[in-house]
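Student: Okay, handing you the structure first.
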Amino acid sequence: MRKLAALQVLRGIAASLVVVDHSILRHVEWADYPPIVKIAAPYSGTLGVAVFFVISGFIMMHTAGDQFGKNGAALAFLRKRIMRIVPLYWTATALEVALRLHKGGTIDPQELLASLFFIPVPVAPGDYMRPLLGVGWTLNYEMFFYCIFALALLFRRQAGLIVLFSAMAGLVAAGALYKPLADTSPPHTVFTFWTDPIILLFAAGVAIGLFAETVRGRVKSRHAIPVAVVLLSAWATVFLGTGGAYPIPLAWQLGGWALCILSVALCVLEKPARANLAQRVGTQLGDISYALYLFHFFAIVAAEKIWWLFFGRYPSILFVAAAYLASVAAAYAIHHLFEVNVIRLFNPRANRPETALRNQDPNSDATPLQPAPTLQKPAHLYGRK
């Protein structure tokens with residue numbers, strides 16, 4: 001099991017939490033669920049997104065941490081990020097637009113442009129911020145973080161890190177003057193969106209990258225994935241057991257984020273071990289996590305239509321399982337038939353046959369057909385959240 005395999009497994013789990021969340025919420029529209037389930041589903045999805053953001057911050061530091069102050073590093077970093085993020089996201093957005101038009105809907109050109117270029121837009125005047133492809137709201141944060149990270153790369157390492165952490169802390173502080181930190185409701189303006197405390201999760205990931213460099217080879221964790229699952233499950237159970245509600249109270253939100261950060265740190269420091277079947281499956285799930293995240297809702301809707309065809313609107317928890325499996329199958333096909341080929345198209349070195357594609361860590365900046373990076377030898381520039 002390679003150095004960052006535990007991180008891949010954790011990413012796969014995080015993506016799965018989001019898929020299960022949306023499967024349940026879709027099922028709730030035509031099936032009765034206990035109120036606690038209606039709260040548990042979005043809370044689990046929230047934890048999954050938090051894990052994604054922390055991982056993203058770590059990966060950027062892990063793969064580009066040696067690029068601070070180098071000529072052209074910032075532009076090269078942004079180019080790699082755009083090549084990795086945009087094609088699949090634009091494809092998913094195009095599918096969303098096509099389906100809306102097919103159903104007789106209309107598309108606002110300005111909203112479409114904003115969605116394609118990662119600018120937050122409100123669903124309706126005064127409403128929460130979502131692009132045309134609903135799940136793309138997280139990519140709005142991702143690209144914003146990438147821009148800040150690229151800015152930091154213009155400076156030498158120490159100064160760049162000061163710029164990075166200061167900028168993110170300053171943004172949150174400025175936002176708190178307009179929207180108090182205790183108000184954890186979704187942001188309703190571009191300013192409150194980009195100054196939301198959630199951006200600090202990226203900074204936490206960068207901090208984990210620095211910590212991993214400091215303790216390299218001296219600290220190893222064991223059983224990171226089981227420990228992470230237990231910690232996050234226990235926290236969610238306690239939250240729900242105390243009558244969890246939305247918006248999530250600040251203390252519960254911060255507690256959940258802290259455990260997400262700890263979970264990522266444990267996976268980063270995981271002691272390499274021989275991969276078993278569960279680890280291999282989890283790693284594969286992590287490999288397809290970007291496609292799974294972007295396209296899962298389409299698969300859920302398709303699974304719903306097939307379910308109704310065979311079972312009518314008969315409510316069953318098995319629908320959630322069927323929707324999840326359909327989402328994974330679709331993501332697997334999209335990843336291997338489209339995403340991998342796009343990576344090869346934009347990176348000629350990806351055509352080298354000497355190593356297997358399955359060894360590619362989608363979060364890494366390694367070329368797609370080279371081994372994933374290790375903590376001992378940071379890779380060059382490439383990657384995705």
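Ligands are numbered from 1 in the order shown, residues from 1 within each chain, and chains are lettered A, B, ... in the order they appear in the structure tokens.
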Determine which residues of range 209-299 of chain A DSSP labels as alpha helix (DSSP H) from the backbone of this structure, then write them out as a PyMOL selection string.
Tutor: chain A and resi 209-214+224-241+250-268+277-287+289-299
Student: Counting only C-alpha atoms, which residues of range 54-120 of chain A sit at most 9 Å from some atom of range 277-300 of chain A, and what is each one's closest atom pair with its distance in Å to one decimal, listed by chain and rising residue number, as a Markdown table?
Tutor:
```
| residue | atom | partner | partner_atom | distance |
| --- | --- | --- | --- | --- |
| A:Ile85 | CA | A:Tyr290 | CA | 8.9 |
| A:Leu88 | CA | A:Ala291 | CA | 7.5 |
| A:Tyr89 | CA | A:Leu294 | CA | 6.9 |
| A:Ala92 | CA | A:Leu294 | CA | 6.5 |
| A:Thr93 | CA | A:Leu294 | CA | 8.9 |
| A:Leu95 | CA | A:Phe298 | CA | 9.0 |
| A:Glu96 | CA | A:Phe298 | CA | 8.5 |
```
Student: Selected residues, all heavy atoms, written as a PDB file, in the first residue's frame, please.
Tutor:
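The resulting file, result34.pdb, is shown below:
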```
ATOM      1  N   ILE A  85      -8.996  20.298 -13.252  1.00  0.00           N
ATOM      2  CA  ILE A  85     -10.340  20.545 -12.714  1.00  0.00           C
ATOM      3  C   ILE A  85     -11.372  20.840 -13.795  1.00  0.00           C
ATOM      4  O   ILE A  85     -12.479  20.300 -13.792  1.00  0.00           O
ATOM      5  CB  ILE A  85     -10.293  21.731 -11.717  1.00  0.00           C
ATOM      6  CG1 ILE A  85      -9.453  21.380 -10.487  1.00  0.00           C
ATOM      7  CG2 ILE A  85     -11.707  22.139 -11.300  1.00  0.00           C
ATOM      8  CD1 ILE A  85     -10.034  20.275  -9.650  1.00  0.00           C
ATOM      9  N   LEU A  88     -13.562  18.128 -16.673  1.00  0.00           N
ATOM     10  CA  LEU A  88     -14.629  17.281 -16.138  1.00  0.00           C
ATOM     11  C   LEU A  88     -15.763  18.134 -15.569  1.00  0.00           C
ATOM     12  O   LEU A  88     -16.945  17.790 -15.713  1.00  0.00           O
ATOM     13  CB  LEU A  88     -14.064  16.348 -15.062  1.00  0.00           C
ATOM     14  CG  LEU A  88     -14.844  15.043 -14.841  1.00  0.00           C
ATOM     15  CD1 LEU A  88     -14.860  14.190 -16.101  1.00  0.00           C
ATOM     16  CD2 LEU A  88     -14.238  14.249 -13.684  1.00  0.00           C
ATOM     17  N   TYR A  89     -15.410  19.241 -14.932  1.00  0.00           N
ATOM     18  CA  TYR A  89     -16.437  20.117 -14.365  1.00  0.00           C
ATOM     19  C   TYR A  89     -17.283  20.745 -15.464  1.00  0.00           C
ATOM     20  O   TYR A  89     -18.511  20.811 -15.352  1.00  0.00           O
ATOM     21  CB  TYR A  89     -15.782  21.203 -13.509  1.00  0.00           C
ATOM     22  CG  TYR A  89     -16.742  22.253 -13.012  1.00  0.00           C
ATOM     23  CD1 TYR A  89     -17.778  21.919 -12.131  1.00  0.00           C
ATOM     24  CD2 TYR A  89     -16.648  23.580 -13.431  1.00  0.00           C
ATOM     25  CE1 TYR A  89     -18.675  22.877 -11.674  1.00  0.00           C
ATOM     26  CE2 TYR A  89     -17.539  24.538 -12.987  1.00  0.00           C
ATOM     27  CZ  TYR A  89     -18.547  24.183 -12.113  1.00  0.00           C
ATOM     28  OH  TYR A  89     -19.443  25.138 -11.668  1.00  0.00           O
ATOM     29  N   ALA A  92     -19.655  18.121 -16.841  1.00  0.00           N
ATOM     30  CA  ALA A  92     -20.802  17.901 -15.959  1.00  0.00           C
ATOM     31  C   ALA A  92     -21.781  19.071 -16.031  1.00  0.00           C
ATOM     32  O   ALA A  92     -23.007  18.876 -16.030  1.00  0.00           O
ATOM     33  CB  ALA A  92     -20.320  17.692 -14.517  1.00  0.00           C
ATOM     34  N   THR A  93     -21.254  20.285 -16.110  1.00  0.00           N
ATOM     35  CA  THR A  93     -22.120  21.468 -16.230  1.00  0.00           C
ATOM     36  C   THR A  93     -22.887  21.448 -17.541  1.00  0.00           C
ATOM     37  O   THR A  93     -24.080  21.780 -17.593  1.00  0.00           O
ATOM     38  CB  THR A  93     -21.280  22.754 -16.127  1.00  0.00           C
ATOM     39  OG1 THR A  93     -20.614  22.795 -14.856  1.00  0.00           O
ATOM     40  CG2 THR A  93     -22.161  23.985 -16.263  1.00  0.00           C
ATOM     41  N   LEU A  95     -23.804  18.835 -19.183  1.00  0.00           N
ATOM     42  CA  LEU A  95     -24.860  17.835 -19.033  1.00  0.00           C
ATOM     43  C   LEU A  95     -26.036  18.409 -18.250  1.00  0.00           C
ATOM     44  O   LEU A  95     -27.209  18.186 -18.605  1.00  0.00           O
ATOM     45  CB  LEU A  95     -24.305  16.594 -18.333  1.00  0.00           C
ATOM     46  CG  LEU A  95     -25.295  15.460 -18.056  1.00  0.00           C
ATOM     47  CD1 LEU A  95     -25.937  14.974 -19.353  1.00  0.00           C
ATOM     48  CD2 LEU A  95     -24.602  14.308 -17.335  1.00  0.00           C
ATOM     49  N   GLU A  96     -25.744  19.158 -17.200  1.00  0.00           N
ATOM     50  CA  GLU A  96     -26.805  19.795 -16.415  1.00  0.00           C
ATOM     51  C   GLU A  96     -27.598  20.767 -17.272  1.00  0.00           C
ATOM     52  O   GLU A  96     -28.843  20.788 -17.231  1.00  0.00           O
ATOM     53  CB  GLU A  96     -26.192  20.517 -15.217  1.00  0.00           C
ATOM     54  CG  GLU A  96     -27.158  21.332 -14.386  1.00  0.00           C
ATOM     55  CD  GLU A  96     -28.151  20.479 -13.609  1.00  0.00           C
ATOM     56  OE1 GLU A  96     -27.863  19.279 -13.387  1.00  0.00           O
ATOM     57  OE2 GLU A  96     -29.220  21.002 -13.221  1.00  0.00           O
TER      58      GLU A  96
END
```
Student: Counting only C-alpha atoms, which of A:Pro315, A:Pro180, A:Gly209, A:Pro42 gets nearest to Met60 in chain A?
Tutor: A:Gly209
Student: Would you pick out the contacts of Trp194 in chain A at 8 Å or less, using only C-alpha atoms, so that residues sharing its chain but fewer than 3 positions from it are not included, and give the list as number ranges by chain?
Tutor: A: 141, 144, 171, 190-191, 199
Student: Please save N, CA and C atoms of the selected residues as a PDB file, in the first residue's frame.
Tutor:
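Written file, again-v1.pdb:
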```
ATOM      1  N   TYR A 141     -14.856  27.268  -4.018  1.00  0.00           N
ATOM      2  CA  TYR A 141     -13.891  27.429  -2.932  1.00  0.00           C
ATOM      3  C   TYR A 141     -12.518  26.897  -3.337  1.00  0.00           C
ATOM      4  N   PHE A 144     -10.724  29.320  -5.632  1.00  0.00           N
ATOM      5  CA  PHE A 144     -10.361  30.499  -4.853  1.00  0.00           C
ATOM      6  C   PHE A 144      -9.099  30.220  -4.042  1.00  0.00           C
ATOM      7  N   LEU A 171      -9.205  37.210   5.489  1.00  0.00           N
ATOM      8  CA  LEU A 171     -10.499  37.123   4.811  1.00  0.00           C
ATOM      9  C   LEU A 171     -11.604  36.713   5.782  1.00  0.00           C
ATOM     10  N   VAL A 190     -21.464  37.113  -2.491  1.00  0.00           N
ATOM     11  CA  VAL A 190     -20.133  36.692  -2.917  1.00  0.00           C
ATOM     12  C   VAL A 190     -19.116  36.961  -1.809  1.00  0.00           C
ATOM     13  N   PHE A 191     -19.250  38.113  -1.151  1.00  0.00           N
ATOM     14  CA  PHE A 191     -18.300  38.472  -0.091  1.00  0.00           C
ATOM     15  C   PHE A 191     -18.358  37.476   1.065  1.00  0.00           C
ATOM     16  N   ILE A 199     -12.996  28.238   4.550  1.00  0.00           N
ATOM     17  CA  ILE A 199     -11.740  28.306   3.801  1.00  0.00           C
ATOM     18  C   ILE A 199     -10.547  27.985   4.689  1.00  0.00           C
TER      19      ILE A 199
END
```
Student: As an exercise, work out the distance from CA of Phe52 in chain A to CA of Arg11 in chain A in Å and give it to one decimal place.
Tutor: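 Result for CA of Phe52 in chain A versus CA of Arg11 in chain A: 6.6 Å, one decimal.
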Student: Measuring between only C-alpha atoms, which one of A:Arg84, A:Arg344, A:Arg130, A:Arg313 shows the shortest distance to Trp30 in chain A?
Tutor: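 Ranking A:Arg84, A:Arg344, A:Arg130, A:Arg313 by distance to Trp30 in chain A, first place goes to A:Arg313.
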Student: At a cut-off of 10 Å, using only C-alpha atoms, what residues contact Pro87 in chain A? Leave out same-chain residues fewer than 5 positions from it and give the result as a ChimeraX atom specification.
Tutor: /A:82,92-93,338-339,342-343
Student: Can you write just those residues out, N, CA and C atoms, as a CSV table (one decimal), in the first residue's frame?
Tutor:
```
chain,number,residue,atom,x,y,z
A,82,ILE,N,-6.0,24.0,-13.5
A,82,ILE,CA,-7.1,24.3,-14.5
A,82,ILE,C,-7.3,23.0,-15.4
A,92,ALA,N,-19.7,18.1,-16.8
A,92,ALA,CA,-20.8,17.9,-16.0
A,92,ALA,C,-21.8,19.1,-16.0
A,93,THR,N,-21.3,20.3,-16.1
A,93,THR,CA,-22.1,21.5,-16.2
A,93,THR,C,-22.9,21.4,-17.5
A,338,PHE,N,-13.1,8.8,-19.8
A,338,PHE,CA,-13.0,10.2,-20.1
A,338,PHE,C,-11.9,10.9,-19.3
A,339,GLU,N,-12.0,10.9,-18.0
A,339,GLU,CA,-11.0,11.7,-17.2
A,339,GLU,C,-9.6,11.3,-17.4
A,342,VAL,N,-8.4,12.6,-20.8
A,342,VAL,CA,-8.2,14.1,-20.8
A,342,VAL,C,-6.8,14.4,-20.1
A,343,ILE,N,-6.5,13.7,-19.0
A,343,ILE,CA,-5.2,13.9,-18.4
A,343,ILE,C,-4.1,13.5,-19.4
```
Student: Pick out the residues sitting within 8 Å of Pro122 in chain A, and hand them over as a count of residues only; count only C-alpha atoms, and ignore anything fewer than 4 positions along from it in its own chain.
Tutor: 8
Student: Which residue is closest to Ile225 in chain A? Choose from A:Leu269, A:Asp196, A:Ala94, A:Phe239 and count only C-alpha atoms.
Tutor: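 The shortest atom-to-atom distance to Ile225 in chain A comes from A:Leu269.
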Student: At what distance in Å, to one decimal, does CA of Thr138 in chain A lie from CA of His62 in chain A?
Tutor: 20.8 Å
